[in-house]
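**Q** I have a structure I would like to understand better, so I am pasting it below and will then ask my questions one at a time.
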Amino acid sequence: MKTTYNVNEKGFYGEFGGAFIPEMLYPNVEALRQQYVSISNEPSFQDEFKALLRDYVGRPTPLYHAKRLSEQFGAKIYLKREDLCHTGAHKINNTIGQILLAKRLGKTRIIAETGAGQHGVATATVCALMGLQCVVYMGAVDIQRQAPNVARMKMLGAEVRAAVSGSKTLKDATNEAIRDWISHPEDTFYIIGSVVGPHPYPDMVARFQSVISEEIQQQLLKKENRKNPDYVIACVGGGSNAAGAFYHFLEEEKVKLITVEAAGKGIYSGESAATTALGKTGIIHGSKTLLMQTNDGQITEPYSISAGLDYPGIGPLHAHLYQTRRAEFIAISDEEAMQAGKSLAQTEGIIPALETAHAFAVLKQKKFRPEDIVVINLSGRGDKDLNTYTNHYDL
Ligand SMILES: *Cc1c(COP(=O)(O)O)cnc(C)c1O
C-alpha cells in the first residue's frame, strides 16, 4: 500500500523515523530492511502467520457492540477485543510475525527488552512455541516492580537479564539489548515490541498489527453494512496497538483517529508520559521522533500508573500523525484512567488493562452524535493490574 501516512523508501514518516544505529548493526538492519516485505508476503509465511493467529492467538477477536456503554455516552460504541488474545493483549500478533521472520532469516537466538514485562512475556511465549533460545533484558527496578511477569517469562523458559545501569528501567534495558545484538549479530534476532526502533521496525510492527484494522473493516461491514467507523480510539505507549487499529483507516480521512497518551499525575506535574504535549524532536531507540527530554537533550524519566504507557517517546508514525494533525492526541491522567477502568468493569463486565483504561476515559471528554460509530481498541485485559485497581479503590 502506497500512501502518505505510510513509511517512505528511506524509512521516514514525514520528518520522523530513519535508522540511527551503530555501524556494527548496519548489516543486520539492512538485511532486514531488504527482506521484511518480500518474506512476509510469501504465501508460506502468510499461511503460517494466519494459521497461528487463528488457532494459537484466537483471531479474529470479536468486535463487540457495547450496548450499555453506548447508552451512557450517546453513540454506537464497539470494542475491538484484543484483550481476548492469548497472553491477554495485542502484543502477541507482532511477536508471532517477528519470530516467523527470524526463523526464515536463519536466526537461532532471540533477544528483547521489556519495561512492564508484557512484551517480554509475548516474546518468551513465541520462543517457547518455536523452540528458540530467548534472552529478555529488563531494568533491575522493573524486575522488582513486575514480579509476576518475570515469573511468567521464566516459566516459559526465557532468561531474564537485569539491566543495572542508569535508572535501571526500560531505556537501560534497551541499551543492554542493543549491546547484546552488537556482540551476536550472526545468530541473534532482536524482537522489538512496539512501532519504535530503527527502520524497518516501526513499519514491520505496524504491518503485523494491521490485522486489527483489517478485521474491524470486515466486521463492521457485516454488522453495519459499512467498512469505516466515524472514530477509532486507542491508547499509545510506543504506539503498536494504535498503529494496528488505525492502519487501514490512515488514508480514510473521514475516519477520525484519537490517540490517547498518559498524563500521569498531570501533563505539567513533572510526572507524566504525555509525549506529544511535552516532547521535542530527538533520537531514541535508533529513530528520529518526538521524545521527552531536558533542554540539553537528556531523555526524561517518564511516569504513568500504567507500566505499558510509561515510555518517554512515541513511534515515528505517531509523531507524523501528530504533526500533520491526522490524529487528535488527548492526554488522560492516572485518576481519569482509574475511573474509566472501574466504570467499564461495572458497565460491561470487562476489566481493561490500565493502559486501555486511558482510551476509555476519552468517552467522557468527547461529544458524539447518536449515529456515530465509535471503535475503541481494547488492547488488553486488566488481570495484571488488579493490585493497582484494588489498592486505589481500597477494595
Ligand atoms: C504494551 C501495552 C500497551 C502499549 O503499547 P503500544 O505499543 O502503544 O500498543 C497498551 N495496552 C496494553 C494492554 C499493553 O500491554
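Residue names in the C-alpha cells use chain letters A, B, ... in the order shown, residue numbers from 1 in each chain, and ligand numbers from 1 in the order shown.
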Ligand 1: which residues are within 6 Å, counting only C-alpha atoms and all ligand atoms, as a list in words?
**A** Ala89, Gln118, Ser194, Val236, Gly237, Gly238, Gly239, Ser240, Asn241, Ala242, Gly308, Leu309, Ala353, Glu355, Thr356, Ser379 and Gly380 of chain A
**Q** Among region 207-265 of chain A, which ones does DSSP place in alpha helix (DSSP H), written as JSON, numbers by chain?
**A** {"A": [207, 208, 209, 211, 212, 213, 214, 215, 216, 217, 218, 219, 220, 221, 222, 223, 224, 240, 241, 242, 243, 244, 245, 246]}
**Q** For each of A:Arg381, A:Lys171, A:Lys366, A:Arg104, take the minimum atom-to-atom distance to Thr300 (chain A), counting only C-alpha atoms, then give the residue where this is smallest.
**A**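 Between A:Arg381, A:Lys171, A:Lys366, A:Arg104, the residue approaching Thr300 (chain A) most closely is A:Lys171.
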**Q** Just asking: which residues within region 54-267 of chain A are strand (DSSP E) according to DSSP, as a short mmCIF file (atom, residue, chain, number, x, y, z; two decimals) with N, CA and C atoms, in the first residue's frame?
**A**
data_model
loop_
_atom_site.label_atom_id
_atom_site.label_comp_id
_atom_site.auth_asym_id
_atom_site.auth_seq_id
_atom_site.Cartn_x
_atom_site.Cartn_y
_atom_site.Cartn_z
N LEU A 63 -15.60 -8.05 17.50
CA LEU A 63 -15.92 -6.63 17.55
C LEU A 63 -17.26 -6.56 18.27
N TYR A 64 -17.22 -6.14 19.50
CA TYR A 64 -18.38 -6.26 20.39
C TYR A 64 -19.12 -4.94 20.51
N HIS A 65 -20.44 -4.97 20.23
CA HIS A 65 -21.26 -3.78 20.40
C HIS A 65 -21.60 -3.62 21.88
N LYS A 76 -22.83 4.87 19.05
CA LYS A 76 -22.78 3.41 18.91
C LYS A 76 -21.34 2.95 19.10
N ILE A 77 -21.08 2.36 20.24
CA ILE A 77 -19.69 2.06 20.63
C ILE A 77 -19.40 0.57 20.45
N TYR A 78 -18.35 0.30 19.71
CA TYR A 78 -17.86 -1.07 19.53
C TYR A 78 -16.49 -1.22 20.19
N LEU A 79 -16.27 -2.40 20.77
CA LEU A 79 -14.98 -2.69 21.38
C LEU A 79 -14.26 -3.77 20.59
N LYS A 80 -13.04 -3.48 20.16
CA LYS A 80 -12.23 -4.48 19.47
C LYS A 80 -11.48 -5.25 20.56
N ARG A 109 18.60 -17.43 17.95
CA ARG A 109 18.57 -16.85 19.28
C ARG A 109 17.78 -15.55 19.21
N ILE A 110 16.90 -15.35 20.21
CA ILE A 110 16.04 -14.16 20.23
C ILE A 110 16.39 -13.31 21.45
N ILE A 111 16.51 -12.00 21.23
CA ILE A 111 16.61 -11.09 22.37
C ILE A 111 15.47 -10.07 22.30
N ALA A 112 15.14 -9.53 23.47
CA ALA A 112 14.12 -8.50 23.54
C ALA A 112 14.39 -7.68 24.79
N GLU A 113 13.79 -6.47 24.84
CA GLU A 113 13.82 -5.74 26.10
C GLU A 113 12.37 -5.49 26.49
N THR A 114 12.16 -5.33 27.78
CA THR A 114 10.80 -5.12 28.23
C THR A 114 10.80 -4.18 29.43
N GLN A 133 16.01 -20.11 21.65
CA GLN A 133 16.56 -19.52 22.87
C GLN A 133 16.08 -18.08 23.03
N CYS A 134 15.79 -17.68 24.25
CA CYS A 134 15.21 -16.36 24.49
C CYS A 134 15.89 -15.66 25.66
N VAL A 135 16.44 -14.46 25.41
CA VAL A 135 17.01 -13.65 26.48
C VAL A 135 16.26 -12.32 26.51
N VAL A 136 15.69 -11.99 27.68
CA VAL A 136 14.94 -10.74 27.82
C VAL A 136 15.67 -9.81 28.78
N TYR A 137 15.99 -8.60 28.33
CA TYR A 137 16.62 -7.60 29.18
C TYR A 137 15.54 -6.76 29.84
N MET A 138 15.76 -6.52 31.13
CA MET A 138 14.76 -5.78 31.90
C MET A 138 15.50 -4.99 32.98
N GLY A 139 15.09 -3.75 33.18
CA GLY A 139 15.72 -2.94 34.23
C GLY A 139 15.56 -3.60 35.59
N GLU A 159 15.42 -16.52 29.67
CA GLU A 159 16.36 -16.00 30.65
C GLU A 159 16.10 -14.50 30.78
N VAL A 160 15.90 -14.02 32.00
CA VAL A 160 15.67 -12.60 32.22
C VAL A 160 16.95 -12.00 32.78
N ARG A 161 17.54 -11.06 32.04
CA ARG A 161 18.79 -10.44 32.48
C ARG A 161 18.52 -9.02 32.96
N ALA A 162 19.03 -8.70 34.14
CA ALA A 162 18.80 -7.39 34.74
C ALA A 162 19.74 -6.34 34.16
N ALA A 163 19.17 -5.18 33.81
CA ALA A 163 19.99 -4.02 33.43
C ALA A 163 20.18 -3.18 34.69
N THR A 188 21.57 -13.81 16.13
CA THR A 188 20.54 -13.25 17.02
C THR A 188 19.57 -12.32 16.28
N PHE A 189 18.28 -12.48 16.60
CA PHE A 189 17.24 -11.58 16.09
C PHE A 189 16.68 -10.79 17.27
N TYR A 190 16.54 -9.49 17.07
CA TYR A 190 16.05 -8.58 18.11
C TYR A 190 14.56 -8.33 17.85
N TYR A 231 -15.09 7.06 14.35
CA TYR A 231 -13.94 7.28 15.22
C TYR A 231 -13.23 5.95 15.50
N VAL A 232 -11.91 5.99 15.60
CA VAL A 232 -11.15 4.89 16.19
C VAL A 232 -10.32 5.49 17.32
N ILE A 233 -10.40 4.88 18.49
CA ILE A 233 -9.71 5.40 19.67
C ILE A 233 -8.76 4.34 20.20
N ALA A 234 -7.52 4.71 20.48
CA ALA A 234 -6.56 3.76 21.03
C ALA A 234 -5.56 4.48 21.92
N CYS A 235 -5.09 3.78 22.94
CA CYS A 235 -4.04 4.35 23.80
C CYS A 235 -2.69 4.16 23.12
N LYS A 256 -12.10 9.58 12.03
CA LYS A 256 -11.33 10.39 13.00
C LYS A 256 -10.52 9.45 13.90
N LEU A 257 -9.24 9.73 14.00
CA LEU A 257 -8.35 8.90 14.80
C LEU A 257 -8.02 9.64 16.10
N ILE A 258 -8.20 8.96 17.22
CA ILE A 258 -7.87 9.58 18.51
C ILE A 258 -6.84 8.74 19.23
N THR A 259 -5.73 9.37 19.56
CA THR A 259 -4.60 8.71 20.20
C THR A 259 -4.53 9.19 21.64
N VAL A 260 -4.44 8.28 22.56
CA VAL A 260 -4.55 8.65 23.97
C VAL A 260 -3.23 8.39 24.70
N GLU A 261 -2.66 9.47 25.22
CA GLU A 261 -1.39 9.37 25.97
C GLU A 261 -1.66 9.43 27.46
N ALA A 262 -0.64 9.06 28.23
CA ALA A 262 -0.78 9.07 29.68
C ALA A 262 -0.28 10.40 30.24
N ALA A 263 -1.17 11.12 30.92
CA ALA A 263 -0.79 12.38 31.56
C ALA A 263 -0.27 12.15 32.97
N GLY A 264 -0.26 10.92 33.44
CA GLY A 264 0.26 10.62 34.77
C GLY A 264 -0.46 11.42 35.83
#
**Q** Closest to Phe329 (chain A) among A:Arg152, A:Leu291, A:Thr276, A:Trp181, using only C-alpha atoms?
**A**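 The closest residue to Phe329 (chain A) is A:Thr276.
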**Q** Using Å and a single decimal, report how far CA of Lys168 (chain A) sits from CA of Asp180 (chain A).
**A** 16.6 Å
**Q** Nearest residue to His320 (chain A) out of A:Gln98, A:Asn295, A:Thr281, A:Thr388, using only C-alpha atoms?
**A**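 With only C-alpha atoms as the atom set, the closest residue is A:Thr281.
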**Q** Identify, on the basis of only C-alpha atoms, every residue whose closest approach to region 34-50 of chain A does not exceed 9 Å; exclude the query and any residue fewer than 4 positions from it along the same chain; express the result as a list of chain:residue names.
**A** A:Val29, A:Glu30, A:Arg54, A:Asp55, A:Arg59, A:Ile96, A:Gly97, A:Leu100, A:Leu101, A:Arg104, A:Leu105, A:Pro200, A:Met204
**Q** Taking 3 positions as the minimum chain separation for residues in the same chain, which residues sit within 10 Å of Ile267 (chain A) when counting only C-alpha atoms? Answer as a PyMOL selection string.
**A** chain A and resi 261-264+270-275+277-278+331-333
**Q** For the selection you just gave me, I'd like the residues written to a file as an mmCIF file, in the first residue's frame, keeping N, CA and C atoms.
**A**
data_model
loop_
_atom_site.group_PDB
_atom_site.id
_atom_site.type_symbol
_atom_site.label_atom_id
_atom_site.label_comp_id
_atom_site.auth_asym_id
_atom_site.auth_seq_id
_atom_site.Cartn_x
_atom_site.Cartn_y
_atom_site.Cartn_z
ATOM 1 N N GLU A 261 -2.656 9.475 25.221
ATOM 2 C CA GLU A 261 -1.395 9.366 25.966
ATOM 3 C C GLU A 261 -1.665 9.429 27.463
ATOM 4 N N ALA A 262 -0.640 9.056 28.232
ATOM 5 C CA ALA A 262 -0.775 9.071 29.682
ATOM 6 C C ALA A 262 -0.281 10.399 30.240
ATOM 7 N N ALA A 263 -1.174 11.121 30.918
ATOM 8 C CA ALA A 263 -0.790 12.381 31.557
ATOM 9 C C ALA A 263 -0.270 12.147 32.969
ATOM 10 N N GLY A 264 -0.264 10.923 33.438
ATOM 11 C CA GLY A 264 0.257 10.623 34.773
ATOM 12 C C GLY A 264 -0.461 11.423 35.835
ATOM 13 N N GLY A 270 5.422 17.108 36.082
ATOM 14 C CA GLY A 270 6.754 16.518 36.199
ATOM 15 C C GLY A 270 6.682 15.003 36.317
ATOM 16 N N GLU A 271 5.485 14.471 36.457
ATOM 17 C CA GLU A 271 5.306 13.013 36.482
ATOM 18 C C GLU A 271 4.258 12.647 35.451
ATOM 19 N N SER A 272 4.725 12.449 34.219
ATOM 20 C CA SER A 272 3.817 12.298 33.096
ATOM 21 C C SER A 272 4.509 11.526 31.980
ATOM 22 N N ALA A 273 3.717 11.023 31.042
ATOM 23 C CA ALA A 273 4.281 10.392 29.852
ATOM 24 C C ALA A 273 3.573 10.931 28.608
ATOM 25 N N ALA A 274 3.140 12.192 28.679
ATOM 26 C CA ALA A 274 2.396 12.812 27.571
ATOM 27 C C ALA A 274 3.385 13.355 26.543
ATOM 28 N N THR A 275 3.878 12.463 25.701
ATOM 29 C CA THR A 275 4.999 12.796 24.820
ATOM 30 C C THR A 275 4.702 13.930 23.852
ATOM 31 N N ALA A 277 2.581 16.355 24.075
ATOM 32 C CA ALA A 277 2.407 17.623 24.787
ATOM 33 C C ALA A 277 3.751 18.169 25.263
ATOM 34 N N LEU A 278 4.658 17.293 25.660
ATOM 35 C CA LEU A 278 5.897 17.734 26.323
ATOM 36 C C LEU A 278 7.145 17.527 25.478
ATOM 37 N N ALA A 331 -4.444 13.643 26.351
ATOM 38 C CA ALA A 331 -3.701 13.080 27.494
ATOM 39 C C ALA A 331 -4.658 12.856 28.659
ATOM 40 N N ILE A 332 -4.583 11.675 29.240
ATOM 41 C CA ILE A 332 -5.501 11.246 30.300
ATOM 42 C C ILE A 332 -4.687 10.950 31.563
ATOM 43 N N SER A 333 -5.154 11.463 32.686
ATOM 44 C CA SER A 333 -4.405 11.291 33.941
ATOM 45 C C SER A 333 -4.638 9.907 34.552
#
**Q** Skip Pro60 (chain A) itself and residues of its chain fewer than 4 positions away, then list as a list in words all residues within 12 Å of it, counting only C-alpha atoms.
**A** Lys50, Ala51, Leu52, Leu53, Arg54, Asp55, Tyr56, Tyr64, Lys80, Arg81, Glu82, Asp83, Leu84, Cys85, His86, His90, Asn93, Val211, Ile212, Ser213, Glu214, Glu215, Ile216, Gln217, Gln218 and Gln219 of chain A
**Q** Find the spatial neighbours of Gln144 (chain A), counting only C-alpha atoms, within a cut-off of 12 Å - ignore same-chain residues fewer than 2 positions away - and output them as a list of chain:residue names.
**A**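 So the residues in contact are A:Gly115, A:Ala116, A:Gly117, A:Met138, A:Gly139, A:Ala140, A:Val141, A:Asp142, A:Gln146, A:Ala147, A:Pro148, A:Asn149, A:Val150, A:Ala151, A:Ala162, A:Ala163, A:Lys168, A:Thr169.
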**Q** Keeping C-alpha atoms for every residue in the selection just given, could you write it to a file as a compact mmCIF listing (two decimals), in the first residue's frame?
**A**
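The result, stored in again_1.txt:
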# COMPACT_ATOMS: atom_id res chain seq x y z
CA GLY A 115 9.61 -2.49 30.68
CA ALA A 116 6.37 -3.73 32.16
CA GLY A 117 7.14 -7.27 31.11
CA MET A 138 14.76 -5.78 31.90
CA GLY A 139 15.72 -2.94 34.23
CA ALA A 140 16.54 -4.13 37.75
CA VAL A 141 13.90 -1.76 39.14
CA ASP A 142 11.29 -3.12 36.73
CA GLN A 146 6.79 -6.53 37.72
CA ALA A 147 7.48 -9.78 39.53
CA PRO A 148 4.50 -11.76 38.10
CA ASN A 149 5.63 -11.13 34.51
CA VAL A 150 9.21 -12.08 35.40
CA ALA A 151 7.87 -15.36 36.76
CA ALA A 162 18.80 -7.39 34.74
CA ALA A 163 19.99 -4.02 33.43
CA LYS A 168 17.57 0.60 35.86
CA THR A 169 14.40 0.87 33.76
